[in-house]
file upload-v6.cif (mmCIF, C-alpha atoms)
data_model
#
loop_
_atom_site.label_atom_id
_atom_site.label_comp_id
_atom_site.auth_asym_id
_atom_site.auth_seq_id
_atom_site.Cartn_x
_atom_site.Cartn_y
_atom_site.Cartn_z
CA MET A 964 33.01 1.84 2.62
CA THR A 965 35.42 1.52 -0.30
CA SER A 966 34.47 2.49 -3.83
CA ILE A 967 34.59 -1.19 -4.82
CA SER A 968 32.16 -2.09 -2.06
CA ARG A 969 29.87 0.76 -3.04
CA ALA A 970 29.91 -0.35 -6.68
CA ARG A 971 29.14 -3.92 -5.67
CA GLY A 972 26.30 -2.67 -3.48
CA VAL A 973 24.69 -1.14 -6.57
CA TRP A 974 25.61 -3.36 -9.47
CA LEU A 975 25.01 -6.73 -7.82
CA PRO A 976 21.32 -6.03 -7.04
CA VAL A 977 20.91 -4.38 -10.45
CA ALA A 978 22.35 -7.46 -12.16
CA VAL A 979 20.09 -9.81 -10.19
CA TRP A 980 17.11 -7.54 -10.92
CA ALA A 981 17.91 -7.64 -14.66
CA VAL A 982 18.09 -11.44 -14.70
CA THR A 983 14.86 -11.96 -12.76
CA ARG A 984 12.95 -9.36 -14.76
CA THR A 985 14.09 -10.93 -18.02
CA VAL A 986 12.48 -14.17 -16.86
CA VAL A 987 9.28 -12.34 -15.84
CA LEU A 988 9.09 -10.59 -19.21
CA LEU A 989 9.62 -13.88 -21.05
CA CYS A 990 6.69 -15.29 -19.07
CA VAL A 991 4.24 -12.45 -19.78
CA LEU A 992 5.26 -12.49 -23.44
CA ARG A 993 4.57 -16.25 -23.48
CA VAL A 994 8.09 -17.17 -24.54
CA LEU A 995 8.26 -19.14 -21.31
CA VAL A 996 4.86 -20.65 -20.57
CA LEU A 997 3.79 -21.43 -17.02
CA PRO A 998 0.95 -23.87 -16.36
CA GLY A 999 -2.45 -22.32 -15.77
CA PRO A 1000 -4.30 -19.40 -17.34
CA ASP A 1001 -2.58 -16.71 -19.38
CA VAL A 1002 -2.27 -13.83 -16.92
CA ALA A 1003 -1.55 -11.34 -19.71
CA THR A 1004 -5.13 -11.43 -20.98
CA ASP A 1005 -6.04 -8.78 -18.41
CA VAL A 1006 -3.79 -6.41 -20.34
CA SER A 1007 -4.40 -7.57 -23.91
CA VAL A 1008 -8.19 -7.88 -23.55
CA ILE A 1009 -9.59 -6.06 -20.50
CA TYR A 1010 -7.18 -3.12 -20.27
CA ARG A 1011 -7.13 -2.77 -24.04
CA GLY A 1012 -10.93 -2.60 -24.08
CA TRP A 1013 -10.98 0.04 -21.34
CA PHE A 1014 -8.31 1.97 -23.25
CA THR A 1015 -10.64 2.19 -26.25
CA VAL A 1016 -13.57 3.36 -24.10
CA LEU A 1017 -11.51 5.92 -22.18
CA GLN A 1018 -10.25 7.41 -25.43
CA THR A 1019 -13.83 8.38 -26.23
CA GLY A 1020 -13.91 10.66 -23.17
CA THR A 1021 -15.91 8.53 -20.75
CA PHE A 1022 -15.24 5.96 -18.06
CA PRO A 1023 -16.52 2.38 -18.65
CA LEU A 1024 -20.03 3.20 -17.37
CA ASN A 1025 -21.62 -0.12 -18.26
CA ASP A 1026 -18.78 -2.41 -17.22
CA VAL A 1027 -19.09 -3.66 -13.62
CA THR A 1028 -15.51 -4.97 -13.79
CA TRP A 1029 -14.33 -1.34 -13.74
CA GLN A 1030 -13.92 -1.06 -9.97
CA TYR A 1031 -11.12 1.46 -9.73
CA PRO A 1032 -10.84 5.10 -8.68
CA PRO A 1033 -10.69 7.66 -11.51
CA ALA A 1034 -6.90 8.08 -11.68
CA ALA A 1035 -6.67 4.44 -12.74
CA ALA A 1036 -7.64 5.77 -16.16
CA LEU A 1037 -4.16 7.30 -16.40
CA ALA A 1038 -2.56 3.89 -15.88
CA ILE A 1039 -4.80 2.31 -18.50
CA LEU A 1040 -4.14 5.12 -20.98
CA SER A 1041 -0.38 5.25 -20.31
CA PRO A 1042 0.62 2.80 -23.11
CA GLY A 1043 -0.52 5.53 -25.49
CA LEU A 1044 2.74 7.29 -24.57
CA LEU A 1045 4.48 4.67 -26.72
CA PRO A 1046 2.45 4.77 -29.95
CA PHE A 1047 5.15 2.92 -31.87
CA LEU A 1048 4.39 -0.24 -29.84
CA ASP A 1049 1.21 -2.28 -29.64
CA TYR A 1050 -0.80 -1.78 -26.46
CA THR A 1051 0.35 -4.91 -24.61
CA THR A 1052 4.04 -4.48 -25.37
CA ALA A 1053 3.88 -0.80 -24.46
CA PHE A 1054 2.22 -1.65 -21.13
CA PHE A 1055 4.90 -4.19 -20.21
CA THR A 1056 7.62 -1.73 -21.23
CA LEU A 1057 6.20 0.94 -18.91
CA ILE A 1058 5.86 -1.55 -16.06
CA LEU A 1059 9.52 -2.52 -16.51
CA ALA A 1060 10.52 1.15 -16.32
CA VAL A 1061 8.44 1.73 -13.18
CA ASP A 1062 9.91 -1.41 -11.62
CA ALA A 1063 13.42 -0.08 -12.30
CA ALA A 1064 12.51 3.30 -10.81
CA THR A 1065 11.24 1.62 -7.63
CA LEU A 1066 14.49 -0.31 -7.32
CA ALA A 1067 16.43 2.95 -7.77
CA LEU A 1068 14.45 4.58 -4.94
CA LEU A 1069 15.19 1.68 -2.61
CA LEU A 1070 18.89 1.55 -3.53
CA ARG A 1071 19.25 5.28 -3.01
CA ALA A 1072 17.50 5.15 0.35
CA GLY A 1073 19.62 2.17 1.39
CA ARG A 1074 22.78 4.30 1.22
CA ARG A 1075 21.56 6.84 3.77
CA ASP A 1076 22.58 6.83 7.41
CA GLY A 1077 20.16 4.77 9.47
CA HIS A 1078 19.20 2.73 6.44
CA ARG A 1079 20.32 -0.49 4.76
CA PRO A 1080 20.14 -2.04 1.27
CA ALA A 1081 17.98 -4.98 2.37
CA GLY A 1082 14.83 -3.31 1.07
CA ALA A 1083 16.07 -3.45 -2.52
CA TRP A 1084 16.60 -7.19 -2.16
CA VAL A 1085 13.08 -7.62 -0.78
CA TRP A 1086 11.72 -5.82 -3.84
CA ILE A 1087 13.85 -7.85 -6.26
CA ALA A 1088 12.78 -11.13 -4.65
CA GLY A 1089 9.13 -10.22 -4.13
CA VAL A 1090 8.36 -9.26 -7.73
CA ALA A 1091 10.26 -12.31 -9.01
CA LEU A 1092 8.39 -14.63 -6.63
CA LEU A 1093 5.02 -13.31 -7.79
CA GLY A 1094 6.03 -14.01 -11.38
CA PRO A 1095 4.20 -12.77 -14.49
CA THR A 1096 1.21 -11.47 -12.53
CA ALA A 1097 3.43 -8.64 -11.25
CA TYR A 1098 3.80 -7.29 -14.78
CA ALA A 1099 0.30 -8.13 -16.03
CA ARG A 1100 -1.55 -5.72 -13.71
CA TYR A 1101 -1.19 -1.99 -13.14
CA ASP A 1102 -0.64 -2.48 -9.38
CA LEU A 1103 3.13 -2.13 -9.76
CA MET A 1104 2.58 1.46 -10.84
CA VAL A 1105 0.59 2.09 -7.67
CA THR A 1106 3.24 0.54 -5.42
CA ALA A 1107 5.88 2.77 -7.00
CA VAL A 1108 3.85 5.84 -6.03
CA ALA A 1109 3.47 4.48 -2.49
CA VAL A 1110 7.22 3.88 -2.11
CA ALA A 1111 7.98 7.37 -3.43
CA ALA A 1112 5.46 8.86 -0.97
CA LEU A 1113 7.04 7.17 2.04
CA PHE A 1114 10.54 8.26 1.10
CA ALA A 1115 9.39 11.80 0.24
CA ALA A 1116 7.98 12.11 3.77
CA VAL A 1117 11.52 12.39 5.10
CA ARG A 1118 11.86 16.06 4.18
CA ARG A 1119 9.02 16.87 1.79
CA PRO A 1120 5.71 16.23 3.58
CA ARG A 1121 3.73 18.25 1.03
CA VAL A 1122 5.08 16.13 -1.81
CA ALA A 1123 4.40 12.99 0.22
CA GLY A 1124 0.81 14.08 0.86
CA ALA A 1125 0.23 14.74 -2.83
CA LEU A 1126 1.66 11.33 -3.74
CA VAL A 1127 -0.51 9.58 -1.16
CA ALA A 1128 -3.60 11.28 -2.60
CA PHE A 1129 -2.62 10.39 -6.16
CA GLY A 1130 -1.96 6.79 -5.13
CA ALA A 1131 -5.34 6.56 -3.39
CA LEU A 1132 -7.04 7.77 -6.56
CA LEU A 1133 -5.16 5.08 -8.47
CA LYS A 1134 -6.26 2.20 -6.23
CA VAL A 1135 -7.55 3.37 -2.82
CA TRP A 1136 -5.17 1.38 -0.57
CA PRO A 1137 -2.33 3.98 -0.54
CA ALA A 1138 -4.60 6.06 1.73
CA LEU A 1139 -3.44 3.62 4.44
CA LEU A 1140 0.01 5.22 4.25
CA LEU A 1141 -1.41 7.95 6.49
CA THR A 1142 -2.13 5.46 9.29
CA GLY A 1143 1.06 6.33 11.16
CA ALA A 1144 1.21 10.02 10.30
CA ALA A 1145 1.16 12.51 13.17
CA LEU A 1146 -1.93 14.62 13.76
CA ARG A 1147 -0.19 17.69 15.16
CA GLY A 1148 2.75 19.86 14.22
CA ARG A 1149 3.80 21.91 11.23
CA ARG A 1150 5.09 19.01 9.15
CA ALA A 1151 2.07 16.87 10.00
CA ARG A 1152 -0.30 19.65 8.93
CA ALA A 1153 1.62 20.01 5.66
CA LEU A 1154 1.24 16.28 4.99
CA TRP A 1155 -2.47 16.09 5.79
CA TRP A 1156 -3.48 19.31 4.02
CA SER A 1157 -1.50 18.35 0.94
CA ALA A 1158 -3.16 14.92 0.84
CA ALA A 1159 -6.66 16.32 1.35
CA GLY A 1160 -6.21 19.18 -1.10
CA THR A 1161 -4.71 17.01 -3.83
CA ALA A 1162 -7.39 14.35 -3.43
CA ALA A 1163 -10.18 16.94 -3.66
CA ALA A 1164 -8.63 18.70 -6.66
CA LEU A 1165 -7.98 15.49 -8.60
CA THR A 1166 -11.45 14.13 -7.85
CA LEU A 1167 -13.09 17.32 -9.08
CA PHE A 1168 -10.91 17.23 -12.18
CA PHE A 1169 -11.88 13.68 -13.10
CA VAL A 1170 -15.57 14.25 -12.34
CA ALA A 1171 -15.54 17.30 -14.61
CA ALA A 1172 -13.41 15.64 -17.29
CA ALA A 1173 -15.52 12.55 -17.98
CA PRO A 1174 -18.79 10.93 -16.90
CA GLY A 1175 -18.61 7.88 -14.64
CA ALA A 1176 -15.55 8.90 -12.62
CA LEU A 1177 -17.14 7.67 -9.37
CA SER A 1178 -18.99 4.64 -10.76
CA PHE A 1179 -16.49 2.32 -9.09
CA LEU A 1180 -18.17 3.05 -5.73
CA THR A 1181 -21.35 1.21 -6.69
CA PHE A 1182 -19.62 -1.49 -8.74
CA GLN A 1183 -17.71 -2.60 -5.62
CA ARG A 1184 -20.79 -2.87 -3.42
CA ASP A 1185 -22.07 -6.29 -4.51
CA ARG A 1186 -18.82 -8.20 -4.50
CA GLY A 1187 -18.97 -11.72 -3.08
CA THR A 1188 -16.31 -14.03 -1.63
CA GLU A 1189 -13.46 -14.53 -4.09
CA VAL A 1190 -12.06 -18.07 -4.32
CA GLU A 1191 -8.58 -17.09 -3.06
CA SER A 1192 -9.69 -15.15 0.00
CA LEU A 1193 -9.43 -16.22 3.62
CA GLY A 1194 -13.19 -16.69 3.89
CA ALA A 1195 -13.21 -18.85 0.75
CA LEU A 1196 -11.49 -21.61 2.69
CA VAL A 1197 -14.83 -22.25 4.40
CA PHE A 1198 -16.44 -23.14 1.07
CA HIS A 1199 -13.45 -25.03 -0.27
CA VAL A 1200 -13.79 -27.34 2.73
CA ALA A 1201 -17.62 -27.35 2.60
CA ARG A 1202 -17.48 -28.56 -1.00
CA GLN A 1203 -15.87 -31.76 0.23
CA PHE A 1204 -19.04 -32.40 2.23
CA GLY A 1205 -21.61 -31.67 -0.45
CA TRP A 1206 -22.05 -27.89 -0.28
CA GLU A 1207 -24.33 -26.93 -3.16
CA GLY A 1208 -22.84 -23.60 -4.15
CA GLN A 1209 -20.71 -22.93 -7.19
CA VAL A 1210 -17.83 -20.85 -8.51
CA LEU A 1211 -18.78 -18.26 -11.14
CA LEU A 1212 -17.20 -15.25 -12.78
CA ASN A 1213 -18.75 -12.37 -10.86
CA TYR A 1214 -17.70 -8.71 -10.96
CA GLY A 1215 -14.49 -9.56 -12.77
CA SER A 1216 -13.26 -12.39 -10.50
CA LEU A 1217 -14.13 -15.98 -9.72
CA GLU A 1218 -16.30 -15.98 -6.62
CA PHE A 1219 -18.28 -18.46 -4.56
CA LEU A 1220 -22.02 -18.05 -4.93
CA GLY A 1221 -24.56 -20.02 -2.96
CA PRO A 1222 -25.79 -20.79 0.56
CA GLY A 1223 -23.82 -19.11 3.32
CA VAL A 1224 -21.79 -16.81 1.05
CA PRO A 1225 -23.47 -13.56 2.23
CA PHE A 1226 -22.80 -14.56 5.85
CA VAL A 1227 -19.10 -15.30 5.23
CA SER A 1228 -18.78 -12.04 3.29
CA THR A 1229 -20.30 -10.22 6.26
CA VAL A 1230 -17.83 -11.92 8.60
CA ALA A 1231 -14.97 -10.77 6.35
CA LEU A 1232 -16.29 -7.21 6.48
CA THR A 1233 -16.59 -7.50 10.27
CA LEU A 1234 -12.96 -8.63 10.50
CA SER A 1235 -11.91 -5.62 8.40
CA LEU A 1236 -13.86 -3.34 10.73
CA ALA A 1237 -12.19 -5.04 13.70
CA ALA A 1238 -8.81 -4.39 12.08
CA ALA A 1239 -9.76 -0.74 11.69
CA GLY A 1240 -10.81 -0.67 15.33
CA TRP A 1241 -7.46 -2.09 16.42
CA LEU A 1242 -5.65 0.56 14.41
CA VAL A 1243 -7.72 3.28 16.07
CA LEU A 1244 -6.93 1.80 19.48
CA TRP A 1245 -3.24 1.70 18.58
CA ARG A 1246 -3.32 5.37 17.60
CA VAL A 1247 -5.05 6.32 20.85
CA ARG A 1248 -2.61 4.31 22.98
CA VAL A 1249 0.61 5.34 21.18
CA ARG A 1250 3.25 6.67 23.57
CA GLU A 1251 6.24 7.04 21.28
CA LEU A 1252 6.66 7.59 17.56
CA GLY A 1253 9.88 6.35 16.05
CA ALA A 1254 11.85 6.81 12.87
CA ALA A 1255 10.09 3.83 11.28
CA THR A 1256 6.54 4.38 12.56
CA LEU A 1257 5.14 5.76 9.31
CA CYS A 1258 6.25 2.83 7.15
CA GLU A 1259 5.58 0.18 9.81
CA ALA A 1260 2.04 1.44 10.38
CA ALA A 1261 1.38 1.56 6.63
CA PHE A 1262 2.68 -1.99 6.21
CA THR A 1263 0.64 -3.31 9.14
CA ALA A 1264 -2.59 -1.56 8.10
CA THR A 1265 -2.32 -2.75 4.49
CA LEU A 1266 -1.50 -6.27 5.64
CA LEU A 1267 -4.55 -6.34 7.93
CA PHE A 1268 -6.98 -5.13 5.28
CA THR A 1269 -5.53 -7.42 2.62
CA THR A 1270 -5.76 -10.49 4.83
CA THR A 1271 -9.36 -9.82 5.95
CA SER A 1272 -10.62 -8.75 2.52
CA ARG A 1273 -13.33 -10.61 0.63
CA VAL A 1274 -10.91 -10.58 -2.30
CA ILE A 1275 -7.21 -11.46 -2.18
CA SER A 1276 -6.12 -11.16 -5.78
CA PRO A 1277 -2.53 -12.30 -6.45
CA GLN A 1278 -1.38 -8.79 -7.40
CA TYR A 1279 -2.27 -7.55 -3.90
CA MET A 1280 0.94 -9.18 -2.73
CA LEU A 1281 2.83 -6.40 -4.54
CA TRP A 1282 1.42 -3.87 -2.09
CA LEU A 1283 2.81 -5.81 0.85
CA VAL A 1284 6.15 -6.48 -0.82
CA ALA A 1285 6.64 -2.77 -1.58
CA LEU A 1286 5.74 -1.56 1.91
CA GLY A 1287 7.77 -4.37 3.45
CA ALA A 1288 10.75 -3.32 1.36
CA VAL A 1289 10.53 0.23 2.75
CA CYS A 1290 10.28 -1.13 6.31
CA VAL A 1291 13.33 -3.33 5.88
CA THR A 1292 15.27 -0.40 4.41
CA VAL A 1293 14.89 1.55 7.68
CA ARG A 1294 17.17 0.07 10.33
CA ALA A 1295 14.88 1.13 13.16
CA ALA A 1296 11.98 -0.92 11.76
CA ARG A 1297 11.10 -4.16 13.50
CA GLN A 1298 9.02 -5.84 10.79
CA THR A 1299 11.66 -8.12 9.29
CA LEU A 1300 9.98 -11.40 10.25
CA PRO A 1301 6.51 -10.35 9.00
CA VAL A 1302 8.16 -9.20 5.75
CA VAL A 1303 9.85 -12.59 5.37
CA LEU A 1304 6.47 -14.28 5.88
CA VAL A 1305 5.00 -12.03 3.18
CA LEU A 1306 7.76 -13.07 0.80
CA LEU A 1307 7.02 -16.73 1.51
CA ALA A 1308 3.33 -16.08 0.93
CA THR A 1309 4.18 -14.37 -2.36
CA GLY A 1310 6.08 -17.46 -3.54
CA VAL A 1311 3.13 -19.69 -2.60
CA THR A 1312 0.83 -17.29 -4.47
CA LEU A 1313 2.70 -18.05 -7.71
CA LEU A 1314 2.05 -21.77 -7.14
CA GLU A 1315 -1.61 -20.98 -6.47
CA PHE A 1316 -1.99 -18.55 -9.38
CA PRO A 1317 -1.47 -19.15 -12.19
CA VAL A 1318 0.23 -22.56 -11.78
CA GLY A 1319 -2.41 -24.30 -9.66
CA PHE A 1320 -5.42 -22.10 -10.26
CA GLY A 1321 -7.47 -24.84 -11.87
CA GLN A 1322 -7.02 -26.96 -8.76
CA VAL A 1323 -7.97 -24.00 -6.57
CA VAL A 1324 -11.18 -23.36 -8.49
CA ALA A 1325 -12.03 -27.07 -8.31
CA SER A 1326 -11.30 -27.15 -4.54
CA ASP A 1327 -8.80 -29.93 -5.22
CA PRO A 1328 -6.85 -30.94 -2.06
CA TRP A 1329 -3.60 -29.55 -3.48
CA GLY A 1330 -5.23 -26.24 -4.39
CA VAL A 1331 -6.87 -25.96 -0.97
CA THR A 1332 -3.53 -26.75 0.70
CA LEU A 1333 -1.81 -23.96 -1.23
CA LEU A 1334 -4.51 -21.50 -0.18
CA LEU A 1335 -4.34 -22.66 3.41
CA VAL A 1336 -0.57 -22.14 3.50
CA ARG A 1337 -0.66 -18.75 1.72
CA ASN A 1338 -3.50 -17.34 3.80
CA GLY A 1339 -2.06 -18.84 6.97
CA LEU A 1340 1.22 -17.03 6.31
CA LEU A 1341 -0.70 -13.77 5.84
CA VAL A 1342 -2.59 -14.26 9.11
CA ALA A 1343 0.67 -15.01 10.96
CA ALA A 1344 2.36 -11.98 9.37
CA SER A 1345 -0.60 -9.78 10.36
CA LEU A 1346 -0.52 -10.84 14.00
CA LEU A 1347 3.25 -10.44 14.24
CA ALA A 1348 3.18 -7.04 12.54
CA CYS A 1349 0.50 -5.81 14.95
CA ARG A 1350 2.40 -7.05 17.98
CA ARG A 1351 5.67 -5.47 16.85
CA LEU A 1352 4.08 -2.16 15.92
CA TRP A 1353 2.31 -2.00 19.28
CA ARG A 1354 5.47 -2.76 21.26
CA ALA A 1355 7.64 -0.39 19.23
CA THR A 1356 5.34 2.57 19.84
CA ARG A 1357 4.55 1.73 23.45
CA GLY A 1358 8.24 1.71 24.36
CA ASP A 1359 7.92 -1.55 26.32
CA GLY A 1360 9.85 -3.89 24.06
CA PRO A 1361 13.45 -4.44 22.96
CA GLY A 1362 14.89 -2.41 20.13
CA THR A 1363 13.21 0.85 21.04
CA ALA A 1364 16.46 2.76 21.44
CA GLY A 1365 16.49 5.90 19.34
CA VAL A 1366 12.72 6.25 19.38
CA VAL A 1367 11.65 9.86 19.22
CA ARG A 1368 8.98 11.26 21.51
CA ALA A 1369 5.80 12.08 19.65
CA ARG A 1370 5.89 15.68 20.79
CA SER A 1371 8.73 18.09 21.17
CA ALA A 1372 9.18 19.45 24.68
CA ALA A 1373 9.03 23.01 23.40
CA ASP A 1374 6.10 23.37 21.03
CA GLY A 1375 4.52 19.98 20.35
CA GLU A 1376 6.00 19.75 16.87
CA ALA A 1377 5.53 16.35 15.25
CA ALA A 1378 8.77 14.43 15.00
CA ALA A 1379 9.13 11.01 13.49
CA PRO A 1380 5.70 10.11 12.08
CA VAL A 1381 6.56 11.97 8.91
CA GLU A 1382 10.19 10.96 9.07
CA LEU A 1383 11.79 7.81 7.76
CA THR A 1384 15.34 8.34 8.90
CA GLY A 1385 17.06 7.91 12.20
CA THR A 1386 19.82 10.35 11.35
CA ALA A 1387 20.59 13.54 13.19
CA ALA A 1388 19.50 15.51 10.17
CA ALA A 1389 15.99 14.16 10.55
CA GLN A 1390 15.61 14.43 14.31
CA PRO A 1391 14.11 17.57 15.88
CA ARG A 1392 15.99 19.80 18.28
CA ALA A 1393 14.41 20.93 21.50
CA ASP A 1394 12.99 23.93 19.68
CA GLY A 1395 11.25 21.73 17.11
CA ALA A 1396 13.55 22.65 14.21
CA PRO A 1397 15.55 20.07 12.30
CA ALA A 1398 19.04 19.50 13.60
CA ALA A 1399 21.93 20.54 11.41
CA PRO A 1400 23.52 17.72 9.40
#

call {"tool": "encode", "arguments": {"input": "upload-v6.cif", "output": "structure tokens"}}
result
Amino acid sequence: MTSISRARGVWLPVAVWAVTRTVVLLCVLRVLVLPGPDVATDVSVIYRGWFTVLQTGTFPLNDVTWQYPPAAALAILSPGLLPFLDYTTAFFTLILAVDAATLALLLRAGRRDGHRPAGAWVWIAGVALLGPTAYARYDLMVTAVAVAALFAAVRRPRVAGALVAFGALLKVWPALLLTGAALRGRRARALWWSAAGTAAALTLFFVAAAPGALSFLTFQRDRGTEVESLGALVFHVARQFGWEGQVLLNYGSLEFLGPGVPFVSTVALTLSLAAAGWLVLWRVRVRELGAATLCEAAFTATLLFTTTSRVISPQYMLWLVALGAVCVTVRAARQTLPVVLVLLATGVTLLEFPVGFGQVVASDPWGVTLLLVRNGLLVAASLLACRRLWRATRGDGPGTAGVVRARSAADGEAAAPVELTGTAAAQPRADGAPAAP
């Protein structure tokens, strides 16, 4: 590749990123105003209120909307690093910096052998398609940690394990990054022990540092069916036929309350348990672990639990965009179509929230149609991702060339589950040691 081509491969995505993020910033700063509710109030009101409470040395003990693991306090307190800015502006500035760092990780990975720059474009497009919501929640910080963890797993499993644990204590879901990790071998043990040790140490630290560190566990218990979830479609349709329930602000989100809601919420939980059961079955039946197994399994698991959740908040799409971007970066991955469906769903999410949120809450036909399309795309992406992950690790489908056996012939050393490259440098020799570059 010539130097001109290399420069274009970096500066073109950076330029497009700068343009799209300028538009996003103008939206969250209300210079450009989209129809619907002001998404930035979560930062200016809710986060700002938590910031004040956390500064007193306690978690928000009496606020049921605080439903986050203890490390989330670091994200909420982070604008204090920029004391010369007001809280909201400082938060958006930090999110912009984290967004740029995530792009840098994807661009750097895209230049490696066995990789491609497509992941950076997925990230650029996905955040832009979600719009101002991407910058008005702390989820982008969590996705950056998840991306860093997956790329660190290439040669630094201990660092990857620590990042996974930190991400899980920010917002739980990064624990799913371990779905495709090997269970045996030196590198696998390093990953798992690092994750477990870091999680335990950080949890003890937060419990000792301030009261209420684990209050989120009980605050989550009584959640209902949020109006944007898959199960909510039942009540959106039922309202057209005289269903007597209502939509109320409950536990920090707008949820359906009324006849049948507990049953639908139970069905959603059952679907999540079924998804977990499928993942266990997949792990038991795995024959081959490839260069992309770790990221593909993380993407599939997160997609399954997002789709079946009682709550599908718009910012959850960032999780899928980030993990999809890592998958697309690795040439050996086979999740391109599910990732494209996620991007389409992300664009529809912007139309649903904030643009058409009033119509969604009112169960207006247009709002219900948007939800049906968005959630339908997520269901389709979930089924496709499962099918492709199954075939890739069973060795019975096309595109499995270059897949690495799960165990080395010599000593059973884990190979690809903690690897994200298909290069010779990342593949094990017969004696279980990394091959020379």

call {"tool": "residues_around", "arguments": {"input": "upload-v6.cif", "residues": "Val1197 (chain A)", "least_positions_apart": "5", "cutoff": "12 Å", "atoms": "only C-alpha atoms", "output": "count of residues only"}}
result
23

call {"tool": "residues_around", "arguments": {"input": "upload-v6.cif", "residues": "region 1048-1055 of chain A", "least_positions_apart": "4", "cutoff": "10 Å", "atoms": "all atoms listed in the file", "output": "list in words"}}
result
Leu988, Val991, Leu992, Ala1003, Thr1004, Asp1005, Val1006, Ser1007, Val1008, Tyr1010, Arg1011, Phe1014, Ala1038, Ile1039, Leu1040, Ser1041, Pro1042, Gly1043, Leu1044, Leu1059, Ala1060, Val1061, Tyr1098, Ala1099, Arg1100 and Tyr1101 of chain A

call {"tool": "residues_near_point", "arguments": {"input": "upload-v6.cif", "point": "(3.3, -20.5, 5.5)", "cutoff": "9 Å", "atoms": "only C-alpha atoms", "output": "short mmCIF file (atom, residue, chain, number, x, y, z; two decimals) with C-alpha atoms, keeping the file's coordinate frame"}}
result
data_model
loop_
_atom_site.label_atom_id
_atom_site.label_comp_id
_atom_site.auth_asym_id
_atom_site.auth_seq_id
_atom_site.Cartn_x
_atom_site.Cartn_y
_atom_site.Cartn_z
CA LEU A 1304 6.47 -14.28 5.88
CA VAL A 1305 5.00 -12.03 3.18
CA LEU A 1307 7.02 -16.73 1.51
CA ALA A 1308 3.33 -16.08 0.93
CA VAL A 1311 3.13 -19.69 -2.60
CA LEU A 1335 -4.34 -22.66 3.41
CA VAL A 1336 -0.57 -22.14 3.50
CA ARG A 1337 -0.66 -18.75 1.72
CA ASN A 1338 -3.50 -17.34 3.80
CA GLY A 1339 -2.06 -18.84 6.97
CA LEU A 1340 1.22 -17.03 6.31
CA LEU A 1341 -0.70 -13.77 5.84
CA ALA A 1343 0.67 -15.01 10.96
#

call {"tool": "residues_around", "arguments": {"input": "upload-v6.cif", "residues": "Val1016 (chain A)", "least_positions_apart": "4", "cutoff": "12 Å", "atoms": "only C-alpha atoms", "output": "list of chain:residue names"}}
result
A:Ile1009, A:Tyr1010, A:Arg1011, A:Gly1012, A:Gly1020, A:Thr1021, A:Phe1022, A:Pro1023, A:Leu1024, A:Asn1025, A:Asp1026, A:Trp1029, A:Ala1036, A:Ile1039, A:Leu1040, A:Ala1173, A:Pro1174, A:Gly1175

call {"tool": "closest_residue", "arguments": {"input": "upload-v6.cif", "among": "A:Leu1093, A:Ala1128, A:Ala1195, A:Ala1261", "to": "Leu1140 (chain A)", "atoms": "all atoms listed in the file"}}
result
A:Ala1261

call {"tool": "resolve_selection", "arguments": {"input": "upload-v6.cif", "expression": "the PyMOL selection byres ((chain A and resi 1094) around 12)", "output": "MDAnalysis selection string"}}
result
chainID A and resid 983:991 995:997 1002:1003 1087:1093 1095:1100 1277:1278 1280:1281 1309:1318

call {"tool": "resolve_selection", "arguments": {"input": "upload-v6.cif", "expression": "the PyMOL selection byres ((chain A and resi 1296) around 12)", "output": "PyMOL selection string"}}
result
chain A and resi 1077-1079+1081-1082+1252-1260+1262-1263+1286-1295+1297-1302+1348+1351-1352+1354-1356+1361-1366+1383-1385

call {"tool": "write_last_selection", "arguments": {"input": "upload-v6.cif", "atoms": "C-alpha atoms", "output": "short mmCIF file (atom, residue, chain, number, x, y, z; two decimals), in the frame of the given file"}}
result
data_model
loop_
_atom_site.label_atom_id
_atom_site.label_comp_id
_atom_site.auth_asym_id
_atom_site.auth_seq_id
_atom_site.Cartn_x
_atom_site.Cartn_y
_atom_site.Cartn_z
CA GLY A 1077 20.16 4.77 9.47
CA HIS A 1078 19.20 2.73 6.44
CA ARG A 1079 20.32 -0.49 4.76
CA ALA A 1081 17.98 -4.98 2.37
CA GLY A 1082 14.83 -3.31 1.07
CA LEU A 1252 6.66 7.59 17.56
CA GLY A 1253 9.88 6.35 16.05
CA ALA A 1254 11.85 6.81 12.87
CA ALA A 1255 10.09 3.83 11.28
CA THR A 1256 6.54 4.38 12.56
CA LEU A 1257 5.14 5.76 9.31
CA CYS A 1258 6.25 2.83 7.15
CA GLU A 1259 5.58 0.18 9.81
CA ALA A 1260 2.04 1.44 10.38
CA PHE A 1262 2.68 -1.99 6.21
CA THR A 1263 0.64 -3.31 9.14
CA LEU A 1286 5.74 -1.56 1.91
CA GLY A 1287 7.77 -4.37 3.45
CA ALA A 1288 10.75 -3.32 1.36
CA VAL A 1289 10.53 0.23 2.75
CA CYS A 1290 10.28 -1.13 6.31
CA VAL A 1291 13.33 -3.33 5.88
CA THR A 1292 15.27 -0.40 4.41
CA VAL A 1293 14.89 1.55 7.68
CA ARG A 1294 17.17 0.07 10.33
CA ALA A 1295 14.88 1.13 13.16
CA ARG A 1297 11.10 -4.16 13.50
CA GLN A 1298 9.02 -5.84 10.79
CA THR A 1299 11.66 -8.12 9.29
CA LEU A 1300 9.98 -11.40 10.25
CA PRO A 1301 6.51 -10.35 9.00
CA VAL A 1302 8.16 -9.20 5.75
CA ALA A 1348 3.18 -7.04 12.54
CA ARG A 1351 5.67 -5.47 16.85
CA LEU A 1352 4.08 -2.16 15.92
CA ARG A 1354 5.47 -2.76 21.26
CA ALA A 1355 7.64 -0.39 19.23
CA THR A 1356 5.34 2.57 19.84
CA PRO A 1361 13.45 -4.44 22.96
CA GLY A 1362 14.89 -2.41 20.13
CA THR A 1363 13.21 0.85 21.04
CA ALA A 1364 16.46 2.76 21.44
CA GLY A 1365 16.49 5.90 19.34
CA VAL A 1366 12.72 6.25 19.38
CA LEU A 1383 11.79 7.81 7.76
CA THR A 1384 15.34 8.34 8.90
CA GLY A 1385 17.06 7.91 12.20
#
